[in-house]
Each structure stands twice: as C-alpha cells, then as structure tokens.
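Structure file coords-v9.cif (mmCIF, C-alpha atoms) follows.
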data_structure
loop_
_atom_site.group_PDB
_atom_site.id
_atom_site.type_symbol
_atom_site.label_atom_id
_atom_site.label_comp_id
_atom_site.auth_asym_id
_atom_site.auth_seq_id
_atom_site.Cartn_x
_atom_site.Cartn_y
_atom_site.Cartn_z
ATOM 1 C CA MET A 1 -31.041 16.454 4.936
ATOM 2 C CA PRO A 2 -31.320 19.502 2.676
ATOM 3 C CA SER A 3 -30.721 19.235 -1.031
ATOM 4 C CA THR A 4 -27.211 19.943 -2.279
ATOM 5 C CA ASN A 5 -28.081 23.446 -3.475
ATOM 6 C CA GLU A 6 -29.518 24.564 -0.129
ATOM 7 C CA TRP A 7 -26.704 23.544 2.183
ATOM 8 C CA ARG A 8 -24.079 25.718 0.522
ATOM 9 C CA PHE A 9 -25.724 28.937 1.697
ATOM 10 C CA ILE A 10 -23.841 31.009 4.256
ATOM 11 C CA GLU A 11 -26.260 31.676 7.100
ATOM 12 C CA ILE A 12 -26.251 32.155 10.846
ATOM 13 C CA GLY A 13 -25.948 28.803 12.588
ATOM 14 C CA ARG A 14 -24.250 27.036 9.664
ATOM 15 C CA LEU A 15 -21.405 24.753 10.725
ATOM 16 C CA CYS A 16 -18.247 25.443 8.692
ATOM 17 C CA LEU A 17 -14.972 23.609 8.300
ATOM 18 C CA ILE A 18 -11.964 25.925 8.486
ATOM 19 C CA THR A 19 -9.659 25.086 5.570
ATOM 20 C CA LYS A 20 -6.788 27.546 6.084
ATOM 21 C CA GLY A 21 -4.958 29.185 8.940
ATOM 22 C CA LYS A 22 -4.263 28.430 12.556
ATOM 23 C CA TYR A 23 -7.502 26.494 13.099
ATOM 24 C CA GLU A 24 -7.376 24.420 9.918
ATOM 25 C CA GLY A 25 -9.402 21.215 10.180
ATOM 26 C CA LYS A 26 -11.675 22.460 12.972
ATOM 27 C CA VAL A 27 -15.364 23.253 12.713
ATOM 28 C CA ALA A 28 -17.027 26.438 13.895
ATOM 29 C CA THR A 29 -20.473 27.953 13.737
ATOM 30 C CA ILE A 30 -21.307 31.155 11.882
ATOM 31 C CA VAL A 31 -22.529 33.579 14.544
ATOM 32 C CA ASP A 32 -22.845 36.679 12.365
ATOM 33 C CA VAL A 33 -22.290 37.787 8.773
ATOM 34 C CA VAL A 34 -19.998 40.838 8.730
ATOM 35 C CA ASP A 35 -20.196 41.591 5.005
ATOM 36 C CA GLN A 36 -20.348 39.670 1.741
ATOM 37 C CA ASN A 37 -16.770 38.386 2.159
ATOM 38 C CA ARG A 38 -16.407 37.843 5.924
ATOM 39 C CA VAL A 39 -18.223 36.038 8.721
ATOM 40 C CA LEU A 40 -17.888 35.867 12.493
ATOM 41 C CA LEU A 41 -17.144 32.317 13.676
ATOM 42 C CA ASP A 42 -17.187 30.790 17.134
ATOM 43 C CA SER A 43 -16.788 27.259 18.443
ATOM 44 C CA PRO A 44 -16.522 26.633 22.182
ATOM 45 C CA ALA A 45 -14.337 23.709 23.220
ATOM 46 C CA LEU A 46 -16.751 20.875 23.957
ATOM 47 C CA GLU A 47 -15.701 18.162 26.405
ATOM 48 C CA ASN A 48 -16.168 15.111 24.179
ATOM 49 C CA GLU A 49 -15.279 16.726 20.829
ATOM 50 C CA LYS A 50 -11.930 18.465 21.366
ATOM 51 C CA ARG A 51 -10.664 17.375 17.941
ATOM 52 C CA TRP A 52 -13.244 19.433 16.047
ATOM 53 C CA THR A 53 -13.963 22.341 18.400
ATOM 54 C CA GLY A 54 -12.077 25.025 20.270
ATOM 55 C CA VAL A 55 -12.033 27.957 17.848
ATOM 56 C CA PRO A 56 -12.212 31.390 19.509
ATOM 57 C CA ARG A 57 -14.624 33.996 18.212
ATOM 58 C CA HIS A 58 -13.028 35.790 15.273
ATOM 59 C CA VAL A 59 -13.727 37.119 11.796
ATOM 60 C CA VAL A 60 -12.785 34.882 8.861
ATOM 61 C CA THR A 61 -12.949 35.422 5.120
ATOM 62 C CA MET A 62 -15.235 33.153 3.109
ATOM 63 C CA LYS A 63 -12.203 31.846 1.195
ATOM 64 C CA ASP A 64 -10.933 30.162 4.364
ATOM 65 C CA ILE A 65 -14.071 28.186 5.263
ATOM 66 C CA GLU A 66 -16.183 25.454 3.710
ATOM 67 C CA PRO A 67 -19.872 25.302 4.725
ATOM 68 C CA THR A 68 -21.188 21.907 5.816
ATOM 69 C CA PRO A 69 -24.724 20.530 5.482
ATOM 70 C CA ILE A 70 -25.304 20.926 9.237
ATOM 71 C CA LYS A 71 -27.102 23.935 10.661
ATOM 72 C CA THR A 72 -27.815 24.875 14.276
ATOM 73 C CA SER A 73 -30.869 26.971 15.101
ATOM 74 C CA ILE A 74 -29.401 29.994 16.898
ATOM 75 C CA GLN A 75 -29.926 33.740 17.072
ATOM 76 C CA ARG A 76 -27.591 36.242 15.462
ATOM 77 C CA GLY A 77 -24.644 37.225 17.674
ATOM 78 C CA LEU A 78 -25.276 34.546 20.282
ATOM 79 C CA LYS A 79 -22.762 34.578 23.146
ATOM 80 C CA LEU A 80 -20.440 31.723 24.064
ATOM 81 C CA THR A 81 -22.588 30.080 26.744
ATOM 82 C CA GLY A 82 -25.736 30.167 24.620
ATOM 83 C CA LEU A 83 -23.878 28.784 21.624
ATOM 84 C CA LYS A 84 -22.369 25.977 23.700
ATOM 85 C CA LYS A 85 -25.798 25.071 25.043
ATOM 86 C CA ALA A 86 -27.349 25.072 21.554
ATOM 87 C CA LEU A 87 -24.536 22.952 20.094
ATOM 88 C CA GLU A 88 -24.892 20.352 22.849
ATOM 89 C CA GLU A 89 -28.715 20.261 22.781
ATOM 90 C CA GLN A 90 -28.908 19.880 18.997
ATOM 91 C CA LYS A 91 -25.877 17.527 18.907
ATOM 92 C CA THR A 92 -24.366 19.561 16.079
ATOM 93 C CA VAL A 93 -20.759 18.438 16.446
ATOM 94 C CA ALA A 94 -21.830 14.808 16.936
ATOM 95 C CA ARG A 95 -23.796 14.993 13.673
ATOM 96 C CA TRP A 96 -20.682 16.400 11.985
ATOM 97 C CA GLY A 97 -18.643 13.459 13.277
ATOM 98 C CA GLU A 98 -21.118 11.031 11.676
ATOM 99 C CA LEU A 99 -20.753 12.525 8.189
ATOM 100 C CA ALA A 100 -18.608 10.717 5.634
ATOM 101 C CA TRP A 101 -16.737 13.999 5.113
ATOM 102 C CA ALA A 102 -15.565 14.087 8.740
ATOM 103 C CA LYS A 103 -14.695 10.385 8.733
ATOM 104 C CA LYS A 104 -12.608 10.903 5.602
ATOM 105 C CA LEU A 105 -10.700 13.720 7.308
ATOM 106 C CA VAL A 106 -9.989 11.472 10.311
ATOM 107 C CA VAL A 107 -8.645 8.731 8.043
ATOM 108 C CA ARG A 108 -6.539 11.210 6.074
ATOM 109 C CA ASP A 109 -5.079 12.612 9.289
ATOM 110 C CA ALA A 110 -4.311 9.120 10.603
ATOM 111 C CA ARG A 111 -2.556 8.173 7.367
ATOM 112 C CA THR A 112 -0.372 11.269 7.373
ATOM 113 C CA ASN A 113 0.724 10.689 10.972
ATOM 114 C CA ILE A 114 1.531 6.992 10.610
ATOM 115 C CA SER A 115 5.068 5.652 11.101
ATOM 116 C CA ASP A 116 6.960 3.617 8.498
ATOM 117 C CA PHE A 117 6.545 0.416 10.488
ATOM 118 C CA ASP A 118 2.792 0.938 10.831
ATOM 119 C CA ARG A 119 2.562 1.712 7.117
ATOM 120 C CA PHE A 120 4.368 -1.578 6.418
ATOM 121 C CA ARG A 121 1.986 -3.472 8.740
ATOM 122 C CA VAL A 122 -1.068 -1.989 7.005
ATOM 123 C CA ASP A 123 0.314 -2.889 3.579
ATOM 124 C CA ARG A 124 1.157 -6.432 4.688
ATOM 125 C CA ALA A 125 -2.318 -6.919 6.188
ATOM 126 C CA ARG A 126 -3.871 -5.684 2.930
ATOM 127 C CA ARG A 127 -1.818 -8.176 0.887
ATOM 128 C CA VAL A 128 -2.643 -11.081 3.220
ATOM 129 C CA ARG A 129 -6.339 -10.218 3.041
ATOM 130 C CA ALA A 130 -6.255 -10.055 -0.763
ATOM 131 C CA PHE A 131 -4.441 -13.422 -0.915
ATOM 132 C CA THR A 132 -7.029 -15.017 1.377
ATOM 133 C CA LEU A 133 -9.917 -13.684 -0.709
ATOM 134 C CA ARG A 134 -8.316 -14.892 -3.959
ATOM 135 C CA LYS A 135 -7.713 -18.321 -2.411
ATOM 136 C CA LYS A 136 -11.368 -18.595 -1.308
ATOM 137 C CA LEU A 137 -12.561 -17.572 -4.753
ATOM 138 C CA ALA A 138 -10.264 -20.097 -6.423
ATOM 139 C CA ASP A 139 -11.494 -22.862 -4.087
ATOM 140 C CA ARG A 140 -15.110 -21.973 -4.838
ATOM 141 C CA LEU A 141 -14.470 -21.957 -8.592
ATOM 142 C CA GLN A 142 -12.653 -25.280 -8.382
ATOM 143 C CA LYS A 143 -15.541 -26.753 -6.419
ATOM 144 C CA ASP A 144 -17.925 -25.636 -9.173
ATOM 145 C CA GLY A 145 -15.783 -27.417 -11.761
ATOM 146 C CA LYS A 146 -14.141 -24.330 -13.254
ATOM 147 C CA ASP A 147 -10.540 -25.412 -12.742
ATOM 148 C CA ARG A 148 -9.060 -23.309 -15.522
ATOM 149 C CA LYS A 149 -10.700 -20.107 -14.246
ATOM 150 C CA ALA A 150 -9.708 -20.961 -10.665
ATOM 151 C CA LYS A 151 -6.090 -21.350 -11.695
ATOM 152 C CA LYS A 152 -6.204 -18.034 -13.576
ATOM 153 C CA VAL A 153 -7.742 -16.162 -10.611
ATOM 154 C CA PHE A 154 -5.285 -17.490 -8.090
ATOM 155 C CA VAL A 155 -2.081 -17.330 -10.114
ATOM 156 C CA SER A 156 -2.474 -14.092 -12.087
ATOM 157 C CA ALA A 157 -2.829 -11.734 -9.140
#
For this file, write the structure as structure tokens.
Amino acid sequence: MPSTNEWRFIEIGRLCLITKGKYEGKVATIVDVVDQNRVLLDSPALENEKRWTGVPRHVVTMKDIEPTPIKTSIQRGLKLTGLKKALEEQKTVARWGELAWAKKLVVRDARTNISDFDRFRVDRARRVRAFTLRKKLADRLQKDGKDRKAKKVFVSA
C-alpha cells in the first residue's frame, strides 16, 4: 500500500469516492484529467458490486470526489469495455470493499436506514452483552478473592 502522501494524488486510474451529487456514495475511476479542477470519471455497473458501481462517464469537479488509496493500471481515455475488463482483472472494486473506509460507509448506511424496532433490538442486545461481560468479570474477581472490587464492578455499571 502506498504511503499516505502518495495516494492523495489525482491520476488516471485512481479510484474515487463521489461525495456529492446524484451518485453520492459510489466509486468511479478517473479516466482522464480535464483541467486542474475537473476530471472525467467512469464506473461500469459490475455484476457483483452494484452498490459501489454504476456511474456513467461524466466530468466532475475535484470538490465532489475523494481519492482512495486504490489505483487501477489503465490508459488515458479508456473506453467502457476496456475499463470494465481492467476493473475485474485487477479486482479494484473488491479491494475497495475490503478497506475499512468502505466498511464504515456500509455500517453508516445501515444505521441510517434502520427502523425504530431494530434500533431498540440493537440497543437491548448491547446492554445484555455488557451485563454478561460485567457478570463474568465480577465472578472472576470474586474467584480471585477480590470481593470488594467484584461488587464495585458489577453494581456500579
């Protein structure tokens, strides 16, 4: 993986996350650099990665994209079929899905689209898990002869 300073460069083949507009939250590849403020993006809809792909070829300002650490080796101005082939061969979108950044976006999206009942179930499961862990810790402390600390751990929380 490149160092943090290298992967921020805008270059042909760089995978970018679109942060504003109609295709917000999708990733696309830089196919060409138009000028110092705009780039040409394209992202064919891949069969197994419909969540991240499916951006038609269009010009976007640099303010609306965020470069990722993933780069595909392609030529400048590559057409749709060649780009699709390169993305699948180099497993670019799959590598994006493995990044912590992409996983965080999936979790954020799931949390925003959750119902009240599901939110309640998640909260209840979290509280039950915390209770169980505190109980195990208290039992272990009591077994080691630290009754006062065990009582404090289990009762205070």
Within 7 Å of stretch 12-25 of chain A, which residues of stretch 46-144 of chain A come that close, and what is the closest atom pair and distance in Å for each? Count only C-alpha atoms and give it as a tab-separated table.
residue	atom	partner	partner_atom	distance
A:Val55	CA	A:Tyr23	CA	6.7
A:Asp64	CA	A:Lys20	CA	5.2
A:Ile65	CA	A:Ile18	CA	4.5
A:Glu66	CA	A:Leu17	CA	5.1
A:Pro67	CA	A:Cys16	CA	4.3
A:Thr68	CA	A:Cys16	CA	5.4
A:Ile70	CA	A:Leu15	CA	5.7
A:Lys71	CA	A:Arg14	CA	4.3
A:Thr72	CA	A:Gly13	CA	4.7
A:Ser73	CA	A:Gly13	CA	5.8
A:Ile74	CA	A:Gly13	CA	5.6
A:Arg76	CA	A:Ile12	CA	6.3
**Message:** I'd like to know which of A:Val153, A:Leu40, A:Ala102, A:Ala125 is closest to A:Thr61, using only C-alpha atoms.
**Reply:** A:Leu40
**Asked** Residues picked by the PyMOL selection byres ((chain A and resi 103-108) around 12) here, as JSON, numbers by chain?
**Response** {"A": [17, 19, 24, 25, 26, 27, 51, 52, 94, 95, 96, 97, 98, 99, 100, 101, 102, 109, 110, 111, 112, 113, 114]}
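Between atom CA of A:Val34 and atom CA of A:Glu89 the interatomic distance comes to 26.4 Å.
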**Request:** Between A:Glu49, A:Asp123, A:Asp42, A:Asp32, single out the one closest to A:Gly77, counting only C-alpha atoms.
**Result:**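 Ranking A:Glu49, A:Asp123, A:Asp42, A:Asp32 by distance to A:Gly77, first place goes to A:Asp32.
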**One-decimal distance in Å that lies between atom CA of A:Arg8 and atom CA of A:Asn48** = 27.1 Å
**Request:** Extract, using all atoms listed in the file, all DNA, RNA and protein residues at most 12 Å from A:Ala150, discarding same-chain residues fewer than 6 positions from it, and format them as a ChimeraX atom specification.
**Result:** /A:134-144,156-157
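If all atoms listed in the file are the atoms counted, then among A:Val60, A:Val93, A:Lys151, A:Thr53 the closest residue to A:Gln36 is A:Val60.
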**Request:** Go ahead and compute the interatomic distance for atom CA of A:His58 and atom CA of A:Asp35, in Å to one decimal.
**Result:**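 Distance reported for this atom pair: 13.8 Å.
The closest residue to A:Glu47, picked from A:Lys63, A:Arg127, A:Lys84, A:Arg119 and counting only C-alpha atoms, is A:Lys84.
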Could you write out as JSON the box around stretch 145-152 of chain A (axis-aligned, all atoms listed in the file, 5 Å on each side), with centre and edge lengths in Å to one decimal?
{"center_x": -10.9, "center_y": -22.7, "center_z": -13.1, "size_x": 19.7, "size_y": 19.4, "size_z": 14.9}
